[in-house]
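Have a look at coords16.pdb below; it lists PDB, C-alpha atoms.
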ATOM      1  CA  MET A   1      -3.249 -49.442  19.524  1.00  0.00           C
ATOM      2  CA  SER A   2      -6.757 -49.511  20.956  1.00  0.00           C
ATOM      3  CA  PRO A   3      -9.793 -48.802  18.746  1.00  0.00           C
ATOM      4  CA  LEU A   4     -10.605 -45.682  20.774  1.00  0.00           C
ATOM      5  CA  VAL A   5      -7.144 -44.215  20.117  1.00  0.00           C
ATOM      6  CA  ARG A   6      -7.486 -45.001  16.405  1.00  0.00           C
ATOM      7  CA  VAL A   7     -10.845 -43.227  16.222  1.00  0.00           C
ATOM      8  CA  ALA A   8      -9.448 -40.227  18.089  1.00  0.00           C
ATOM      9  CA  LEU A   9      -6.470 -40.097  15.734  1.00  0.00           C
ATOM     10  CA  VAL A  10      -8.748 -40.197  12.674  1.00  0.00           C
ATOM     11  CA  VAL A  11     -10.924 -37.408  14.132  1.00  0.00           C
ATOM     12  CA  VAL A  12      -7.865 -35.228  14.807  1.00  0.00           C
ATOM     13  CA  VAL A  13      -6.469 -35.783  11.301  1.00  0.00           C
ATOM     14  CA  LEU A  14      -9.832 -35.015   9.677  1.00  0.00           C
ATOM     15  CA  GLY A  15     -10.244 -31.889  11.813  1.00  0.00           C
ATOM     16  CA  LEU A  16      -6.769 -30.668  10.888  1.00  0.00           C
ATOM     17  CA  ALA A  17      -7.345 -31.357   7.185  1.00  0.00           C
ATOM     18  CA  THR A  18     -10.671 -29.496   7.288  1.00  0.00           C
ATOM     19  CA  ALA A  19      -9.112 -26.494   9.016  1.00  0.00           C
ATOM     20  CA  LEU A  20      -6.214 -26.351   6.531  1.00  0.00           C
ATOM     21  CA  GLY A  21      -8.635 -26.637   3.602  1.00  0.00           C
ATOM     22  CA  ALA A  22     -10.751 -23.785   4.946  1.00  0.00           C
ATOM     23  CA  LEU A  23      -7.658 -21.602   5.373  1.00  0.00           C
ATOM     24  CA  TRP A  24      -6.530 -22.361   1.843  1.00  0.00           C
ATOM     25  CA  ARG A  25      -9.940 -21.556   0.310  1.00  0.00           C
ATOM     26  CA  ALA A  26     -10.658 -18.435   2.382  1.00  0.00           C
ATOM     27  CA  PRO A  27      -8.960 -15.892   0.073  1.00  0.00           C
ATOM     28  CA  ASN A  28     -10.339 -17.410  -3.159  1.00  0.00           C
ATOM     29  CA  GLY A  29     -12.028 -14.789  -5.274  1.00  0.00           C
ATOM     30  CA  ARG A  30     -11.788 -11.985  -2.751  1.00  0.00           C
ATOM     31  CA  VAL A  31     -10.662  -8.672  -4.126  1.00  0.00           C
ATOM     32  CA  SER A  32      -7.754  -7.017  -2.418  1.00  0.00           C
ATOM     33  CA  PRO A  33      -5.951  -3.787  -3.108  1.00  0.00           C
ATOM     34  CA  VAL A  34      -2.661  -4.211  -4.904  1.00  0.00           C
ATOM     35  CA  ALA A  35       0.189  -4.255  -2.369  1.00  0.00           C
ATOM     36  CA  PRO A  36       2.505  -1.187  -2.343  1.00  0.00           C
ATOM     37  CA  ALA A  37       5.580  -3.389  -2.861  1.00  0.00           C
ATOM     38  CA  VAL A  38       3.984  -4.880  -5.979  1.00  0.00           C
ATOM     39  CA  LEU A  39       3.086  -1.414  -7.247  1.00  0.00           C
ATOM     40  CA  ALA A  40       6.630  -0.199  -6.680  1.00  0.00           C
ATOM     41  CA  ALA A  41       8.021  -3.228  -8.496  1.00  0.00           C
ATOM     42  CA  ALA A  42       5.571  -2.568 -11.336  1.00  0.00           C
ATOM     43  CA  GLY A  43       6.920   0.931 -11.788  1.00  0.00           C
ATOM     44  CA  ALA A  44       4.437   2.979  -9.762  1.00  0.00           C
ATOM     45  CA  ASP A  45       5.673   6.045  -7.893  1.00  0.00           C
ATOM     46  CA  PRO A  46       3.804   6.436  -4.574  1.00  0.00           C
ATOM     47  CA  ALA A  47       5.018  10.050  -4.264  1.00  0.00           C
ATOM     48  CA  HIS A  48       2.638  11.188  -7.031  1.00  0.00           C
ATOM     49  CA  ASP A  49      -1.138  10.726  -6.903  1.00  0.00           C
ATOM     50  CA  GLU A  50      -1.477  10.087 -10.638  1.00  0.00           C
ATOM     51  CA  THR A  51       1.028   7.231 -10.598  1.00  0.00           C
ATOM     52  CA  THR A  52       0.202   5.515  -7.332  1.00  0.00           C
ATOM     53  CA  THR A  53      -1.263   2.610  -9.225  1.00  0.00           C
ATOM     54  CA  ALA A  54       0.369   0.409 -11.791  1.00  0.00           C
ATOM     55  CA  ARG A  55      -1.090   0.689 -15.254  1.00  0.00           C
ATOM     56  CA  LEU A  56      -1.494  -1.748 -18.101  1.00  0.00           C
ATOM     57  CA  THR A  57      -1.959  -0.669 -21.675  1.00  0.00           C
ATOM     58  CA  THR A  58      -3.571  -2.335 -24.650  1.00  0.00           C
ATOM     59  CA  SER A  59      -0.103  -3.410 -25.786  1.00  0.00           C
ATOM     60  CA  ASP A  60       0.557  -5.062 -22.385  1.00  0.00           C
ATOM     61  CA  ILE A  61      -2.548  -7.234 -22.659  1.00  0.00           C
ATOM     62  CA  ASP A  62      -2.950  -7.428 -26.450  1.00  0.00           C
ATOM     63  CA  ALA A  63      -6.581  -6.291 -26.213  1.00  0.00           C
ATOM     64  CA  ALA A  64      -8.704  -3.180 -25.839  1.00  0.00           C
ATOM     65  CA  LEU A  65      -9.527  -1.891 -22.368  1.00  0.00           C
ATOM     66  CA  GLY A  66     -13.137  -1.649 -21.241  1.00  0.00           C
ATOM     67  CA  SER A  67     -14.382   1.928 -20.805  1.00  0.00           C
ATOM     68  CA  ARG A  68     -15.320   1.195 -17.176  1.00  0.00           C
ATOM     69  CA  ALA A  69     -13.207  -1.825 -16.268  1.00  0.00           C
ATOM     70  CA  THR A  70     -11.168  -4.739 -17.542  1.00  0.00           C
ATOM     71  CA  PHE A  71     -10.683  -8.094 -15.865  1.00  0.00           C
ATOM     72  CA  VAL A  72      -7.186  -9.332 -16.767  1.00  0.00           C
ATOM     73  CA  GLN A  73      -7.104 -13.010 -15.888  1.00  0.00           C
ATOM     74  CA  LEU A  74      -3.737 -14.755 -15.653  1.00  0.00           C
ATOM     75  CA  SER A  75      -4.340 -18.477 -16.122  1.00  0.00           C
ATOM     76  CA  SER A  76      -2.504 -21.703 -16.779  1.00  0.00           C
ATOM     77  CA  GLU A  77      -3.437 -24.445 -19.194  1.00  0.00           C
ATOM     78  CA  VAL A  78      -3.968 -27.132 -16.539  1.00  0.00           C
ATOM     79  CA  CYS A  79      -5.971 -24.993 -14.106  1.00  0.00           C
ATOM     80  CA  THR A  80      -9.574 -26.121 -13.569  1.00  0.00           C
ATOM     81  CA  PRO A  81     -10.584 -23.073 -11.465  1.00  0.00           C
ATOM     82  CA  CYS A  82      -9.221 -20.918 -14.319  1.00  0.00           C
ATOM     83  CA  ARG A  83     -11.834 -22.318 -16.714  1.00  0.00           C
ATOM     84  CA  ARG A  84     -14.692 -21.676 -14.270  1.00  0.00           C
ATOM     85  CA  THR A  85     -13.429 -18.165 -13.548  1.00  0.00           C
ATOM     86  CA  HIS A  86     -13.064 -17.505 -17.279  1.00  0.00           C
ATOM     87  CA  ALA A  87     -16.713 -18.451 -17.834  1.00  0.00           C
ATOM     88  CA  VAL A  88     -17.863 -16.119 -15.033  1.00  0.00           C
ATOM     89  CA  LEU A  89     -15.807 -13.122 -16.167  1.00  0.00           C
ATOM     90  CA  ALA A  90     -16.600 -13.636 -19.857  1.00  0.00           C
ATOM     91  CA  ALA A  91     -20.318 -13.713 -19.036  1.00  0.00           C
ATOM     92  CA  ILE A  92     -20.083 -10.442 -17.100  1.00  0.00           C
ATOM     93  CA  ALA A  93     -18.125  -8.801 -19.922  1.00  0.00           C
ATOM     94  CA  GLY A  94     -20.697 -10.083 -22.413  1.00  0.00           C
ATOM     95  CA  GLU A  95     -23.544  -8.509 -20.431  1.00  0.00           C
ATOM     96  CA  ARG A  96     -21.896  -5.117 -19.979  1.00  0.00           C
ATOM     97  CA  ASN A  97     -20.583  -3.105 -22.889  1.00  0.00           C
ATOM     98  CA  ASP A  98     -18.284  -1.051 -20.623  1.00  0.00           C
ATOM     99  CA  VAL A  99     -16.461  -4.079 -19.143  1.00  0.00           C
ATOM    100  CA  SER A 100     -13.995  -6.346 -20.904  1.00  0.00           C
ATOM    101  CA  HIS A 101     -12.276  -9.596 -19.994  1.00  0.00           C
ATOM    102  CA  VAL A 102      -8.867 -10.749 -21.186  1.00  0.00           C
ATOM    103  CA  ASP A 103      -7.511 -14.198 -20.324  1.00  0.00           C
ATOM    104  CA  LEU A 104      -3.723 -14.452 -20.584  1.00  0.00           C
ATOM    105  CA  ASP A 105      -1.600 -17.589 -20.295  1.00  0.00           C
ATOM    106  CA  VAL A 106       1.052 -17.211 -17.607  1.00  0.00           C
ATOM    107  CA  ALA A 107       3.524 -19.221 -19.679  1.00  0.00           C
ATOM    108  CA  THR A 108       3.475 -16.631 -22.473  1.00  0.00           C
ATOM    109  CA  HIS A 109       3.172 -13.547 -20.246  1.00  0.00           C
ATOM    110  CA  LEU A 110       6.005 -14.069 -17.791  1.00  0.00           C
ATOM    111  CA  ASP A 111       6.650 -10.325 -17.761  1.00  0.00           C
ATOM    112  CA  LEU A 112       3.244  -9.740 -16.135  1.00  0.00           C
ATOM    113  CA  VAL A 113       3.715 -12.713 -13.797  1.00  0.00           C
ATOM    114  CA  ARG A 114       6.950 -11.191 -12.508  1.00  0.00           C
ATOM    115  CA  ARG A 115       5.674  -7.622 -12.559  1.00  0.00           C
ATOM    116  CA  PHE A 116       2.638  -8.448 -10.398  1.00  0.00           C
ATOM    117  CA  ASP A 117       4.177 -11.273  -8.348  1.00  0.00           C
ATOM    118  CA  VAL A 118       1.644 -13.877  -9.491  1.00  0.00           C
ATOM    119  CA  MET A 119       1.995 -16.958  -7.298  1.00  0.00           C
ATOM    120  CA  ARG A 120      -1.139 -18.925  -8.273  1.00  0.00           C
ATOM    121  CA  THR A 121      -3.695 -19.192 -11.000  1.00  0.00           C
ATOM    122  CA  PRO A 122      -6.110 -17.802 -11.660  1.00  0.00           C
ATOM    123  CA  THR A 123      -5.026 -14.334 -10.625  1.00  0.00           C
ATOM    124  CA  ILE A 124      -7.280 -11.530 -11.808  1.00  0.00           C
ATOM    125  CA  LEU A 125      -6.146  -7.919 -12.038  1.00  0.00           C
ATOM    126  CA  LEU A 126      -9.024  -5.447 -12.079  1.00  0.00           C
ATOM    127  CA  LEU A 127      -8.232  -2.404 -14.198  1.00  0.00           C
ATOM    128  CA  ASP A 128     -10.227   0.792 -14.320  1.00  0.00           C
ATOM    129  CA  GLY A 129     -11.066   2.484 -17.622  1.00  0.00           C
ATOM    130  CA  ARG A 130      -7.606   4.103 -17.787  1.00  0.00           C
ATOM    131  CA  GLY A 131      -5.781   0.806 -17.249  1.00  0.00           C
ATOM    132  CA  ALA A 132      -4.891   1.470 -13.605  1.00  0.00           C
ATOM    133  CA  VAL A 133      -4.792  -1.686 -11.482  1.00  0.00           C
ATOM    134  CA  VAL A 134      -7.378  -1.057  -8.767  1.00  0.00           C
ATOM    135  CA  GLY A 135      -7.728  -4.560  -7.352  1.00  0.00           C
ATOM    136  CA  ARG A 136      -6.566  -8.127  -7.463  1.00  0.00           C
ATOM    137  CA  MET A 137      -8.291 -11.459  -6.922  1.00  0.00           C
ATOM    138  CA  SER A 138      -6.689 -14.835  -6.579  1.00  0.00           C
ATOM    139  CA  GLY A 139      -8.198 -18.276  -6.884  1.00  0.00           C
ATOM    140  CA  ALA A 140     -11.592 -19.347  -8.150  1.00  0.00           C
ATOM    141  CA  THR A 141     -13.947 -16.392  -8.447  1.00  0.00           C
ATOM    142  CA  ASP A 142     -17.725 -16.599  -8.595  1.00  0.00           C
ATOM    143  CA  ARG A 143     -20.156 -14.111 -10.121  1.00  0.00           C
ATOM    144  CA  ARG A 144     -21.024 -12.376  -6.844  1.00  0.00           C
ATOM    145  CA  GLN A 145     -17.367 -11.853  -5.957  1.00  0.00           C
ATOM    146  CA  ALA A 146     -16.556 -10.502  -9.422  1.00  0.00           C
ATOM    147  CA  LEU A 147     -19.513  -8.087  -9.382  1.00  0.00           C
ATOM    148  CA  ASP A 148     -18.631  -6.920  -5.860  1.00  0.00           C
ATOM    149  CA  ALA A 149     -15.045  -6.285  -6.982  1.00  0.00           C
ATOM    150  CA  LEU A 150     -16.282  -4.420 -10.040  1.00  0.00           C
ATOM    151  CA  ASP A 151     -18.603  -2.207  -7.970  1.00  0.00           C
ATOM    152  CA  ALA A 152     -15.947  -1.526  -5.349  1.00  0.00           C
ATOM    153  CA  GLY A 153     -13.032  -0.903  -7.700  1.00  0.00           C
ATOM    154  CA  CYS A 154     -14.775   0.696 -10.665  1.00  0.00           C
ATOM    155  CA  PRO A 155     -18.089   2.247  -9.609  1.00  0.00           C
ATOM    156  CA  VAL A 156     -20.431   3.539 -12.287  1.00  0.00           C
ATOM    157  CA  ILE A 157     -20.149   7.332 -12.473  1.00  0.00           C
ATOM    158  CA  ALA A 158     -23.469   8.957 -13.325  1.00  0.00           C
TER     159      ALA A 158
END

Let's see the structure in the file written out as structure tokens.
Amino acid sequence: MSPLVRVALVVVVLGLATALGALWRAPNGRVSPVAPAVLAAAGADPAHDETTTARLTTSDIDAALGSRATFVQLSSEVCTPCRRTHAVLAAIAGERNDVSHVDLDVATHLDLVRRFDVMRTPTILLLDGRGAVVGRMSGATDRRQALDALDAGCPVIA
């Protein structure tokens, strides 16, 4: 194989790896509405406005809900992005008395993993003050993304 063909092959492989990496990282930390199929599986009834969103209670998450919002983080023990995301969400909850953060281990909360079809960690469910799931983030989440999700899903009502 000629040196020119080898260089071209390396360039193609690197380009493909870069493109695949960008596709994999693109959804990290972005808030998305909870899918209707997930809501239905979680017990929500789309025929009624009050129950169109799944709800979590203090007994579901073993912690008190924030009056404005709660970040429910589903993590695994060996997940490095989970630790970074935990630090970000804990800092936000520490700065705001109306926001709380709960970090749950997926191994001990398989009911929530199944209920919300969690496929990767960290997965963050954003709850409003009543415990309704208003958004979902997956993958590493930075401060800006978490604050944007909070403002979009649980705006401050004056």

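Considering the residues A:Ala91, A:Ala64, A:Leu20, A:Val134 and counting only C-alpha atoms, Asp151 of chain A has its shortest atom-to-atom contact with A:Val134.
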
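The closest residue to Val72 of chain A, picked from A:Met119, A:Leu110, A:Leu126, A:Ala8 and counting all atoms listed in the file, is A:Leu126.
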
*Given the choices A:Gly94, A:Pro3, A:Pro155, A:Gly135, which gets closest to Arg68 of chain A if the distance is worked out from all atoms listed in the file?*
A:Pro155

Hey, could you pull the box centre and edge lengths for segment 3-9 of chain A, axis-aligned, 5 Å padding per side, all listed atoms, to one decimal in Å, as AutoDock Vina command-line options?
--center_x -8.7 --center_y -44.4 --center_z 18.3 --size_x 14.4 --size_y 18.7 --size_z 15.0

*Which residue, A:Leu9, A:Ile92, A:Cys79, A:Leu127, has the smallest gap to Leu56 of chain A when you use all atoms listed in the file?*
A:Leu127

*Considering all atoms listed in the file, return as a ChimeraX atom specification whatever protein or nucleic-acid residues lie within 7 Å of Leu74 of chain A, sequence-local ones (same chain, fewer than 4 positions apart) excluded.*
/A:103-106,121-124

*Find, counting only C-alpha atoms, the residue in A:Ser75, A:Arg115, A:Pro81, A:Ala69 that gets nearest to Ala152 of chain A.*
A:Ala69

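Residue nearest Ala93 of chain A within the list A:Ala146, A:Val133, A:Val5, A:Ala54: A:Ala146 [criterion: smallest interatomic distance, only C-alpha atoms].
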
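In this model, the gap between atom CA of Ala17 of chain A and atom CA of Arg144 of chain A comes to 27.3 Å.
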
*asked:* Once the PyMOL selection byres ((chain A and resi 99) around 10) has been evaluated on this model, what residues remain selected, and can you format them as a ChimeraX atom specification?
replied: /A:65-71,89-90,92-98,100-101,127-129,150,154

Can you spit out the residues from that selection as a PDB file, in the frame of the given file, using C-alpha atoms?
ATOM      1  CA  LEU A  65      -9.527  -1.891 -22.368  1.00  0.00           C
ATOM      2  CA  GLY A  66     -13.137  -1.649 -21.241  1.00  0.00           C
ATOM      3  CA  SER A  67     -14.382   1.928 -20.805  1.00  0.00           C
ATOM      4  CA  ARG A  68     -15.320   1.195 -17.176  1.00  0.00           C
ATOM      5  CA  ALA A  69     -13.207  -1.825 -16.268  1.00  0.00           C
ATOM      6  CA  THR A  70     -11.168  -4.739 -17.542  1.00  0.00           C
ATOM      7  CA  PHE A  71     -10.683  -8.094 -15.865  1.00  0.00           C
ATOM      8  CA  LEU A  89     -15.807 -13.122 -16.167  1.00  0.00           C
ATOM      9  CA  ALA A  90     -16.600 -13.636 -19.857  1.00  0.00           C
ATOM     10  CA  ILE A  92     -20.083 -10.442 -17.100  1.00  0.00           C
ATOM     11  CA  ALA A  93     -18.125  -8.801 -19.922  1.00  0.00           C
ATOM     12  CA  GLY A  94     -20.697 -10.083 -22.413  1.00  0.00           C
ATOM     13  CA  GLU A  95     -23.544  -8.509 -20.431  1.00  0.00           C
ATOM     14  CA  ARG A  96     -21.896  -5.117 -19.979  1.00  0.00           C
ATOM     15  CA  ASN A  97     -20.583  -3.105 -22.889  1.00  0.00           C
ATOM     16  CA  ASP A  98     -18.284  -1.051 -20.623  1.00  0.00           C
ATOM     17  CA  SER A 100     -13.995  -6.346 -20.904  1.00  0.00           C
ATOM     18  CA  HIS A 101     -12.276  -9.596 -19.994  1.00  0.00           C
ATOM     19  CA  LEU A 127      -8.232  -2.404 -14.198  1.00  0.00           C
ATOM     20  CA  ASP A 128     -10.227   0.792 -14.320  1.00  0.00           C
ATOM     21  CA  GLY A 129     -11.066   2.484 -17.622  1.00  0.00           C
ATOM     22  CA  LEU A 150     -16.282  -4.420 -10.040  1.00  0.00           C
ATOM     23  CA  CYS A 154     -14.775   0.696 -10.665  1.00  0.00           C
TER      24      CYS A 154
END

_As an exercise, work out the distance from atom CA of Ala19 of chain A to atom CA of Cys82 of chain A in Å and give it to one decimal place._
24.0 Å

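For Thr57 of chain A, the set of protein, DNA and RNA residues having any atom at most 9 Å away, when counting all atoms listed in the file and skipping those fewer than 4 positions along the same chain, is Ile61, Asp62, Ala63, Ala64, Leu65, Arg130, Gly131 and Ala132 of chain A.
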
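The two atoms in question, atom CA of Gly139 of chain A and atom CA of Gly15 of chain A, are spaced 23.2 Å apart.
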